[in-house]
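*Asks:* Sharing a structure below in structure tokens format, with a few things to ask.
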Amino acid sequence: MCGRYTLTVPGDLLAAAFGVEAAGPVAGLPARYNVAPGQQVPIVRRRHV
């Protein structure tokens with residue numbers, strides 16, 4: 001199906017891998033199979049290039 005993917009680690013471990021603090025609901029996001037469009041997922045964004 002188009003637009004779906006897998007989140008293989010929980011949000012807090014993903015934040016730790018990038019050396020950032022998991023803020024808000026990100027820390028509580030579980031790893032899960034079949035992430036669909038419209039669901040909340042963690043992102044890592046760089047502010048400055």
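Every chain in the structure tokens has a letter given in the order shown (A, B, ...), and although residue numbers restart at 1 in each chain, ligands are simply numbered from 1 in the order shown.
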Skip region 7-15 of chain A itself and residues of its chain fewer than 6 positions away, then list as a list in words all residues within 6 Å of it, counting only C-alpha atoms.

*Replies:*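 Within the cut-off, the hits are Glu21, Ala22, Val26, Ala27, Leu29, Pro30, Ala31 and Arg32 of chain A.
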
*Asks:* Looking only at the backbone, which of the residues in chain A does DSSP tag as alpha helix (DSSP H), as an MDAnalysis selection string?

*Replies:* chainID A and resid 11:18

*Asks:* Residues as selected, C-alpha atoms, written as a CSV table (one decimal), in the first residue's frame, can you do that?

*Replies:*
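Output contents, as saved in part_17.csv:
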chain,number,residue,atom,x,y,z
A,11,GLY,CA,10.5,7.3,19.8
A,12,ASP,CA,12.7,7.7,22.9
A,13,LEU,CA,15.4,5.3,21.4
A,14,LEU,CA,15.2,7.2,18.1
A,15,ALA,CA,15.8,10.5,19.9
A,16,ALA,CA,18.8,9.0,21.8
A,17,ALA,CA,20.3,7.7,18.5
A,18,PHE,CA,20.3,11.2,17.2

*Asks:* Restricting the calculation to only C-alpha atoms: of A:Gly28, A:Val20, A:Val41, A:Ala36, which residue gets closest to Gly3 (chain A)?

*Replies:* A:Ala36
